[in-house]
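Structure file upload35.tsv (TSV, C-alpha atoms and all ligand atoms) follows.
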```tsv
chain	number	residue	atom	x	y	z
A	8	MET	CA	19.50	-25.77	65.73
A	9	ALA	CA	19.06	-28.24	62.91
A	10	VAL	CA	21.72	-28.45	60.22
A	11	CYS	CA	21.38	-30.07	56.82
A	12	TYR	CA	23.91	-31.42	54.35
A	13	TYR	CA	22.53	-30.76	50.88
A	14	ASP	CA	24.08	-30.02	47.52
A	15	GLY	CA	27.65	-30.44	48.73
A	16	LYS	CA	27.59	-28.37	51.93
A	17	TYR	CA	26.40	-28.20	55.53
A	18	ALA	CA	23.99	-25.30	56.16
A	19	PRO	CA	21.28	-24.29	58.64
A	20	MET	CA	18.22	-26.33	57.80
A	21	GLU	CA	16.05	-23.29	57.05
A	22	GLU	CA	18.40	-22.34	54.22
A	23	CYS	CA	17.90	-25.68	52.44
A	24	SER	CA	15.02	-26.54	50.11
A	25	LEU	CA	14.15	-29.21	47.62
A	26	PRO	CA	12.94	-28.19	44.14
A	27	LEU	CA	9.19	-28.59	43.67
A	28	THR	CA	9.97	-30.83	40.70
A	29	ASP	CA	11.35	-33.56	43.00
A	30	LEU	CA	9.26	-36.74	42.94
A	31	ALA	CA	9.45	-36.93	46.75
A	32	ILE	CA	7.17	-33.90	46.77
A	33	GLN	CA	5.03	-34.76	43.77
A	34	ARG	CA	4.63	-38.52	44.23
A	35	GLY	CA	6.03	-39.49	47.63
A	36	VAL	CA	9.09	-41.22	46.12
A	37	GLY	CA	11.73	-41.34	48.84
A	38	ALA	CA	13.32	-43.38	51.62
A	39	PHE	CA	15.11	-42.38	54.79
A	40	GLU	CA	16.72	-43.44	58.07
A	41	SER	CA	16.86	-42.00	61.60
A	42	ILE	CA	20.28	-42.82	63.04
A	43	ARG	CA	20.81	-42.14	66.75
A	44	ILE	CA	24.03	-40.34	67.64
A	45	TYR	CA	25.07	-40.88	71.26
A	46	ASP	CA	27.78	-38.54	72.56
A	47	GLY	CA	29.26	-37.88	69.12
A	48	THR	CA	29.23	-41.51	67.95
A	49	PRO	CA	26.71	-43.01	65.49
A	50	PHE	CA	24.75	-46.00	66.77
A	51	ALA	CA	24.36	-48.95	64.36
A	52	MET	CA	25.03	-46.67	61.38
A	53	THR	CA	26.12	-49.52	59.12
A	54	MET	CA	22.91	-51.45	59.82
A	55	HIS	CA	20.87	-48.33	58.99
A	56	LEU	CA	22.75	-47.59	55.78
A	57	ASP	CA	22.44	-51.21	54.64
A	58	ARG	CA	18.71	-50.97	55.16
A	59	LEU	CA	18.59	-47.65	53.28
A	60	ALA	CA	20.36	-49.33	50.36
A	61	GLY	CA	17.66	-52.02	50.41
A	62	SER	CA	14.87	-49.42	50.63
A	63	VAL	CA	16.05	-47.43	47.61
A	64	ALA	CA	16.75	-50.57	45.56
A	65	GLY	CA	13.23	-51.80	46.39
A	66	ALA	CA	11.78	-48.44	45.38
A	67	GLY	CA	13.55	-48.29	41.99
A	68	ILE	CA	15.76	-45.37	43.07
A	69	GLU	CA	19.26	-45.79	41.60
A	70	ALA	CA	21.40	-44.52	44.46
A	71	ALA	CA	24.43	-46.77	44.97
A	72	GLY	CA	26.75	-43.77	44.63
A	73	ILE	CA	24.83	-41.81	47.27
A	74	ILE	CA	24.89	-44.67	49.79
A	75	GLY	CA	28.68	-44.77	49.50
A	76	LYS	CA	28.96	-41.07	50.37
A	77	LEU	CA	26.74	-41.09	53.46
A	78	PRO	CA	29.23	-42.36	56.10
A	79	GLY	CA	31.65	-39.58	55.11
A	80	VAL	CA	28.90	-36.92	55.24
A	81	ILE	CA	27.79	-38.06	58.71
A	82	ARG	CA	31.27	-38.49	60.15
A	83	GLY	CA	32.43	-35.25	58.52
A	84	TRP	CA	29.85	-33.29	60.46
A	85	LEU	CA	30.44	-35.12	63.74
A	86	ALA	CA	34.18	-34.44	63.42
A	87	GLN	CA	33.70	-30.65	63.39
A	88	GLU	CA	34.93	-29.11	66.62
A	89	GLU	CA	31.58	-27.48	67.50
A	90	ASN	CA	29.72	-30.80	67.15
A	91	ARG	CA	31.89	-32.77	69.61
A	92	GLY	CA	29.71	-34.88	71.87
A	93	PHE	CA	26.60	-34.26	69.75
A	94	ASP	CA	23.59	-36.17	71.02
A	95	GLY	CA	20.72	-36.42	68.57
A	96	LEU	CA	19.88	-37.77	65.15
A	97	ALA	CA	21.43	-38.00	61.70
A	98	LYS	CA	18.63	-38.51	59.17
A	99	PRO	CA	19.71	-39.33	55.60
A	100	TYR	CA	16.99	-39.00	52.95
A	101	ILE	CA	17.18	-40.14	49.33
A	102	THR	CA	14.49	-38.76	47.04
A	103	GLY	CA	13.29	-39.77	43.60
A	104	GLY	CA	14.75	-36.66	41.95
A	105	ASP	CA	13.13	-35.18	38.84
A	106	VAL	CA	13.27	-38.11	36.42
A	107	ASN	CA	10.70	-40.90	36.39
A	108	ASN	CA	11.44	-43.61	33.84
A	109	ARG	CA	8.17	-45.46	34.45
A	110	GLY	CA	8.96	-46.43	38.02
A	111	VAL	CA	12.75	-46.22	37.80
A	112	PHE	CA	14.42	-43.12	39.24
A	113	PRO	CA	17.92	-42.74	37.78
A	114	ASN	CA	18.74	-39.26	39.08
A	115	PRO	CA	18.01	-39.12	42.82
A	116	ARG	CA	18.78	-36.34	45.30
A	117	PHE	CA	19.90	-36.74	48.88
A	118	PHE	CA	20.26	-34.74	52.05
A	119	VAL	CA	21.15	-35.46	55.68
A	120	ILE	CA	19.51	-33.65	58.59
A	121	PHE	CA	21.33	-33.35	61.94
A	122	GLU	CA	18.92	-32.48	64.73
A	123	ASP	CA	17.96	-33.06	68.35
A	124	SER	CA	16.22	-36.30	69.18
A	125	HIS	CA	12.77	-35.99	70.76
A	126	GLY	CA	12.13	-39.30	72.46
A	127	PRO	CA	9.17	-40.31	74.61
A	128	THR	CA	8.44	-38.14	77.64
A	129	PRO	CA	9.33	-39.47	81.12
A	130	GLU	CA	5.60	-39.99	81.67
A	131	GLU	CA	5.22	-42.05	78.49
A	132	ARG	CA	8.18	-44.20	79.54
A	133	GLU	CA	6.82	-44.70	83.03
A	134	LYS	CA	3.13	-45.25	82.24
A	135	GLY	CA	3.36	-46.75	78.75
A	136	VAL	CA	1.56	-45.59	75.62
A	137	VAL	CA	-1.67	-46.24	73.72
A	138	LEU	CA	-1.75	-47.45	70.10
A	139	VAL	CA	-4.61	-46.96	67.66
A	140	PRO	CA	-5.56	-50.01	65.57
A	141	ASN	CA	-5.09	-49.47	61.84
A	142	HIS	CA	-6.75	-52.24	59.84
A	143	THR	CA	-4.48	-51.89	56.83
A	144	ALA	CA	-1.39	-53.76	55.66
A	145	ARG	CA	1.65	-51.50	55.30
A	146	PRO	CA	2.58	-51.75	51.62
A	147	PHE	CA	6.11	-52.96	50.75
A	148	PRO	CA	7.12	-53.54	54.38
A	149	LEU	CA	10.88	-53.77	53.71
A	150	ILE	CA	11.02	-50.17	52.45
A	151	LYS	CA	11.37	-47.34	54.97
A	152	SER	CA	9.43	-44.94	52.80
A	153	THR	CA	8.96	-41.25	53.53
A	154	ASN	CA	5.23	-41.80	52.99
A	155	TYR	CA	3.55	-42.28	56.39
A	156	LEU	CA	0.07	-41.28	55.27
A	157	PHE	CA	-1.41	-44.75	55.77
A	158	GLY	CA	-0.20	-44.66	59.37
A	159	PHE	CA	-1.32	-41.10	60.04
A	160	ILE	CA	-4.91	-41.38	58.80
A	161	PRO	CA	-6.29	-43.60	61.62
A	162	LEU	CA	-4.16	-41.72	64.16
A	163	GLY	CA	-5.70	-38.43	63.16
A	164	LYS	CA	-9.21	-39.84	63.47
A	165	ALA	CA	-8.74	-41.33	66.95
A	166	GLU	CA	-10.12	-39.08	69.64
A	167	ASP	CA	-8.61	-40.30	72.92
A	168	ALA	CA	-5.02	-40.97	73.97
A	169	LYS	CA	-2.80	-42.04	71.09
A	170	PHE	CA	0.91	-42.51	70.41
A	171	GLU	CA	1.17	-44.33	67.08
A	172	SER	CA	-1.16	-46.40	64.93
A	173	LEU	CA	-0.73	-50.19	64.79
A	174	TYR	CA	-0.99	-51.99	61.44
A	175	ILE	CA	-3.25	-55.06	61.47
A	176	THR	CA	-3.79	-56.82	58.15
A	177	PRO	CA	-7.32	-57.51	56.88
A	178	GLU	CA	-6.60	-61.17	57.84
A	179	GLY	CA	-6.11	-60.14	61.49
A	180	GLU	CA	-2.31	-60.36	61.64
A	181	VAL	CA	-0.71	-57.72	63.83
A	182	THR	CA	2.45	-56.50	62.09
A	183	GLU	CA	4.10	-53.26	63.26
A	184	SER	CA	3.22	-49.78	64.35
A	185	MET	CA	3.56	-46.60	62.36
A	186	SER	CA	7.28	-46.14	62.97
A	187	SER	CA	8.18	-48.98	65.36
A	188	ASN	CA	8.30	-52.75	65.53
A	189	PHE	CA	5.73	-54.38	67.80
A	190	PHE	CA	6.00	-57.20	70.35
A	191	ILE	CA	3.68	-58.99	72.75
A	192	CYS	CA	4.57	-61.27	75.67
A	193	LYS	CA	2.31	-64.23	76.13
A	194	GLU	CA	2.67	-67.57	77.96
A	195	GLY	CA	6.32	-66.85	78.74
A	196	LYS	CA	7.25	-66.03	75.15
A	197	ILE	CA	8.00	-62.85	73.26
A	198	VAL	CA	6.08	-62.80	69.96
A	199	THR	CA	6.91	-60.49	67.06
A	200	ALA	CA	6.24	-60.46	63.30
A	201	PRO	CA	8.95	-61.80	60.98
A	202	VAL	CA	11.01	-59.48	58.75
A	203	GLY	CA	9.30	-59.27	55.38
A	204	LYS	CA	5.91	-58.89	56.99
A	205	VAL	CA	7.52	-55.86	58.69
A	206	LEU	CA	10.50	-53.56	58.32
A	207	LYS	CA	13.85	-54.99	59.44
A	208	GLY	CA	14.05	-52.73	62.49
A	209	VAL	CA	17.57	-52.09	63.72
A	210	THR	CA	16.33	-51.89	67.31
A	211	ARG	CA	14.22	-55.03	66.72
A	212	ASP	CA	17.34	-56.94	65.58
A	213	ILE	CA	19.33	-55.79	68.60
A	214	ILE	CA	16.52	-56.58	71.04
A	215	LEU	CA	16.12	-60.08	69.57
A	216	THR	CA	19.88	-60.65	69.93
A	217	LEU	CA	19.81	-59.50	73.55
A	218	ALA	CA	16.66	-61.52	74.26
A	219	ALA	CA	18.27	-64.71	72.93
A	220	GLU	CA	21.49	-64.11	74.86
A	221	ASN	CA	19.56	-63.64	78.06
A	222	GLY	CA	17.33	-66.68	77.90
A	223	PHE	CA	14.06	-65.12	76.70
A	224	LYS	CA	11.98	-67.33	74.43
A	225	VAL	CA	11.08	-65.65	71.14
A	226	GLU	CA	8.55	-66.65	68.49
A	227	GLU	CA	8.78	-64.85	65.15
A	228	ARG	CA	5.25	-64.88	63.83
A	229	CYS	CA	2.53	-62.26	63.54
A	230	PRO	CA	0.41	-62.10	66.69
A	231	ARG	CA	-3.30	-62.50	65.90
A	232	GLU	CA	-5.46	-59.50	66.69
A	233	SER	CA	-7.48	-61.77	68.99
A	234	GLU	CA	-4.34	-62.49	71.05
A	235	LEU	CA	-3.90	-58.88	72.10
A	236	ALA	CA	-6.48	-59.22	74.87
A	237	GLU	CA	-4.62	-62.30	76.19
A	238	ALA	CA	-1.16	-60.72	76.20
A	239	ASP	CA	0.62	-60.09	79.49
A	240	GLU	CA	2.61	-57.24	77.99
A	241	ALA	CA	3.22	-55.36	74.77
A	242	PHE	CA	5.96	-52.98	73.69
A	243	ILE	CA	7.37	-51.23	70.64
A	244	THR	CA	10.97	-50.64	69.54
A	245	GLY	CA	12.61	-47.94	67.43
A	246	SER	CA	15.83	-45.97	67.24
A	247	VAL	CA	14.44	-42.99	69.14
A	248	LYS	CA	12.04	-44.87	71.47
A	249	GLU	CA	14.48	-47.73	72.15
A	250	VAL	CA	11.98	-49.97	74.06
A	251	LEU	CA	8.63	-48.43	75.03
A	252	PRO	CA	5.78	-50.23	76.86
A	253	VAL	CA	2.27	-50.31	75.30
A	254	VAL	CA	-0.59	-50.51	77.78
A	255	ARG	CA	-3.67	-50.27	75.56
A	256	ILE	CA	-4.55	-50.82	71.90
A	257	GLY	CA	-7.82	-49.11	70.98
A	258	ALA	CA	-10.29	-50.41	73.57
A	259	VAL	CA	-8.15	-53.45	74.47
A	260	LYS	CA	-6.23	-53.18	77.72
A	261	ILE	CA	-2.90	-55.04	77.71
A	262	GLY	CA	-2.27	-57.18	80.78
A	263	ASN	CA	-2.98	-55.19	83.93
A	264	GLY	CA	-2.77	-51.90	82.01
A	265	ARG	CA	0.68	-51.08	83.35
A	266	PRO	CA	4.18	-51.50	81.85
A	267	GLY	CA	5.50	-55.00	82.44
A	268	PRO	CA	8.79	-56.58	83.53
A	269	VAL	CA	9.92	-57.94	80.15
A	270	ALA	CA	9.88	-54.53	78.45
A	271	GLN	CA	11.70	-53.08	81.43
A	272	ALA	CA	14.35	-55.83	81.47
A	273	LEU	CA	14.93	-55.47	77.71
A	274	ARG	CA	15.29	-51.71	77.95
A	275	HIS	CA	17.88	-52.14	80.70
A	276	LEU	CA	19.75	-54.69	78.58
A	277	PHE	CA	19.62	-52.31	75.62
A	278	VAL	CA	21.06	-49.41	77.60
A	279	LYS	CA	23.73	-51.61	79.19
A	280	ASN	CA	24.85	-53.17	75.88
A	281	LYS	CA	24.57	-50.11	73.64
A	282	GLY	CA	28.36	-49.86	73.33
A	283	ARG	CA	28.46	-53.07	71.29
A	284	TRP	CA	26.65	-51.37	68.41
A	285	MET	CA	28.37	-48.00	68.47
A	286	ASP	CA	30.06	-47.34	65.09
A	287	LYS	CA	33.30	-45.93	66.48
C	1	LIG	C1	11.65	-46.78	61.43
C	1	LIG	C2	10.61	-47.84	61.55
C	1	LIG	C3	10.74	-48.92	62.46
C	1	LIG	C4	11.83	-48.99	63.50
C	1	LIG	O1	13.09	-49.19	62.98
C	1	LIG	P1	14.44	-48.89	63.79
C	1	LIG	O2	15.48	-49.30	62.82
C	1	LIG	O3	14.44	-49.74	65.01
C	1	LIG	O4	14.47	-47.43	64.12
C	1	LIG	C5	9.78	-49.95	62.40
C	1	LIG	N1	8.74	-49.90	61.54
C	1	LIG	C6	8.55	-48.85	60.69
C	1	LIG	C7	7.37	-48.85	59.79
C	1	LIG	C8	9.49	-47.80	60.67
C	1	LIG	O5	9.30	-46.76	59.83
```
Could you quickly redo this structure as structure tokens?
Ligand SMILES: *Cc1c(COP(=O)(O)O)cnc(C)c1O
Amino acid sequence: MAVCYYDGKYAPMEECSLPLTDLAIQRGVGAFESIRIYDGTPFAMTMHLDRLAGSVAGAGIEAAGIIGKLPGVIRGWLAQEENRGFDGLAKPYITGGDVNNRGVFPNPRFFVIFEDSHGPTPEEREKGVVLVPNHTARPFPLIKSTNYLFGFIPLGKAEDAKFESLYITPEGEVTESMSSNFFICKEGKIVTAPVGKVLKGVTRDIILTLAAENGFKVEERCPRESELAEADEAFITGSVKEVLPVVRIGAVKIGNGRPGPVAQALRHLFVKNKGRWMDK
């Protein structure tokens, strides 16, 4: 059962609702995070909350006070006896609230959802997933906005297998997928877009740290769309997916069409080193 912290208390999610006057509903003004909780302990919570602070600042939402309250709200729920060992997600949202001072939102609302995590299926992990090309730049890449419409539109139109859409700028730079960072492996190097062109993914940061520590060569630049066909491997990262192989992008098969060894090695490293980023 999902629980929500809203308006000063924890309650079943179905009892919580946002007023229709909120700008999150009327204009899509809002930012959020999905924080993985493993066995009662938040994973990389500080990194997520720092990013949320950056998202709201970038969006003109004045929410410094809210950011300061979030660790207590999350830990407060995890500390309750019945939530011992909880495995799932804590998802803080900050909305624009009701007041719009020409692009500045001085009176935001916030809520935190606690719910189960629905990661990739065993089959998706084993066989890899298909992405749908989305020839659009994601606007304001450093903001984790609640508005995913620009990612959903091409996904909805694609008729065959599909997992997420993949943003490719009109100039042919491959940036990130709908809710994950994107990587290719080519000529012995891992290539991924630099932060600023894409969201500063928490999983991306951790994977790049582990890659460097373990002797992988990394190039931070946007892969060209034309390089996809030449890649040996591709994969995406995100808090729920961790590391997930990509075997096809639209009509373009990646490598031999099967998950590759680099994605597998990095996922093993991630699982093995997870403890280093637990916010005890
Ligand atoms: C959430 C998200 C990611 C992944 O970020 P993590 O911090 O690793 O979960 C990447 N790109 C976009 C657009 C996202 O919304």
List all protein, DNA and RNA residues that have at least one atom no more than 7 Å from any atom of ligand LIG 1 (chain C), counting all atoms listed in the file, and write them as number ranges by chain. A: 40-41, 55, 151, 183-188, 205-211, 244-247
Using only C-alpha atoms, the shortest atom-to-atom distance to Gly35 (chain A) among A:Asn154, A:Thr216, A:Cys23, A:Ile120 belongs to A:Asn154
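A straight line drawn from CA of Leu85 (chain A) to CA of Pro115 (chain A) is 24.7 Å long.
As for CA of Gly72 (chain A) and CA of Leu25 (chain A), they are spaced 19.5 Å apart.
Every protein, DNA or RNA residue with an atom at most 8 Å from Val136 (chain A), where only C-alpha atoms count and chain neighbours fewer than 5 positions away do not, is listed here: A:Glu131, A:Lys169, A:Phe170, A:Leu251, A:Pro252, A:Val253, A:Val254, A:Arg255.
Distances to Leu59 (chain A) were evaluated for A:Leu156, A:Leu149, A:Leu96, A:Ala9 using all atoms listed in the file, and the minimum falls at A:Leu149.
Nearest residue to Glu89 (chain A), choosing from A:Glu130, A:Gly47, A:Thr153, A:Pro268 and counting all atoms listed in the file: A:Gly47.
The residue that comes closest to Glu194 (chain A), out of A:Pro177, A:Gly262, A:Gly95, A:Pro127 and on the basis of all atoms listed in the file, is A:Gly262.
One distance worth recording is that between CA of Val36 (chain A) and CA of Tyr12 (chain A), which is 19.6 Å.
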Which is closer to Val10 (chain A) than all the others in A:Gly126, A:Gly222, A:Gly257, A:Pro99, using all atoms listed in the file? A:Pro99
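Shortest separation to Ala64 (chain A) among A:Glu21, A:Glu234, A:Gly103, A:Arg43 occurs at residue A:Gly103, atoms counted being all atoms listed in the file.
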Find the residues near Cys11 (chain A): any atom within 12 Å, counting all atoms listed in the file, skip ones fewer than 5 places away on the same chain, and give them as a PyMOL selection string. chain A and resi 16-25+80-81+84+96-100+117-122
Answer as an MDAnalysis selection string, residues within 9 Å of (-3.0, -51.6, 69.6) using only C-alpha atoms: chainID A and resid 137:141 171:175 181 184 232 235 241 253:261
